[in-house]
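Notes follow once the structure below has been shown.
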Amino acid sequence: MTMDGTHDVPLLALNLLPAGADLGSSMLVPPGGNVFFVRGNGTTVTGYDYDPPGLADRLIASVAKALTYCVASRGDLIMVLEGHTENLGAAAWPLVAGVKIRGRGTGINRPTFTFTAAGSTVLLSKANVVIENCRFLCAGPAGTTALSVAAPFTCSAAGNYLARNYFQVGIDADQLATAFFTTTAAGDDLTIIGNEVDGAANSAMTTCFNFVGADRLKFVYNTVRGGLATDTDGLLAFTTTASTDVLIASNLLHARSTGNTVCIQMAANLVNTGWIVNNFCRNVVDASVAWIITTGTGVNVQLQGNFGINNANEAGLAIGTASACTRARGR
């Protein structure tokens, strides 16, 4: 330390190599990946003062552009700041394996991404991508112009993770997402946790979540409300190829178009396996108790602690067939 109280040597050893720094009692290990900051309108960086000085010079106008700087599986993080807006077109993001896209803020101040054309789509075609705390207007901007976005999200790679996002999938009868989220048989180990999916009652989607061969899917703590064009298809549908060892737990599911009866559907003759536990389901047909369908030949999932309620908000009913077993009395 010099006479004026300033340090004439670095407080930590200068280490230009990605090997960490030995502090004696501990080792400081670098994170490996780079961090990119996004704040703009998709084409232009918006002018805001940021602290510390110099951050404004590092801002990038779009997630799409930030992704071009990322390296696969390096651990790169794209931090999308409050108030960011971006329009999404066909194959909107050139995703990179292992990248994390993390939004800052709460409510409508979170980064907002708007699907603006029928072919607008995010292709989750790279493994281990994380998308957190963002808003996706999958039915386009609210207004009077009809727009049906055909396939906002398709997952065809393993290990993707979506958490705490908001997805608007239906505004009215002619502004909606047709097939909101679809997996292919390669979309294994997918985690969808703590998200909100919001569709108007008169926005009848062809499919909401369509899981094809989604082995080890974890779909937990989500709120899904939306309408379906076919009453018995289910907000969560399992089709074409069996999904094994799935976990569908602690979700709030509301199939809300006129005549909708099913929230989770495994009617196809596929050897789906796993757990469906602690979900709360609602339909709009008071006489129907078919909230969860697992009647497909070969389906072998465990149903436990699920409840359904009808459109009249009458008392919830336990879903499933009562066991013939009797509980042994302790002595």
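Letters A, B, ... mark the chains of the structure tokens in the order given; residue numbers begin at 1 per chain; ligand numbers begin at 1, in order shown.
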field: Residues within 9 Å of stretch 137-149 of chain A, only C-alpha atoms, excluding chain neighbours under 2 positions, as a PyMOL selection string
entry: chain A and resi 112-121+135+151-153+166-180+199
query: Do you know which residues are at most 9 Å from A:Phe181 counting only C-alpha atoms, after dropping those on the same chain fewer than 4 positions away, and could you put them as a VMD selection string?
result: chain A and resid 151 to 155 207 to 211
task: Kindly give the distance, in Å, that separates atom CA of A:Val284 and atom CA of A:Phe307, rounded to a single decimal.
output: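 Computed distance, atom CA of A:Val284 to atom CA of A:Phe307, equals 14.8 Å.
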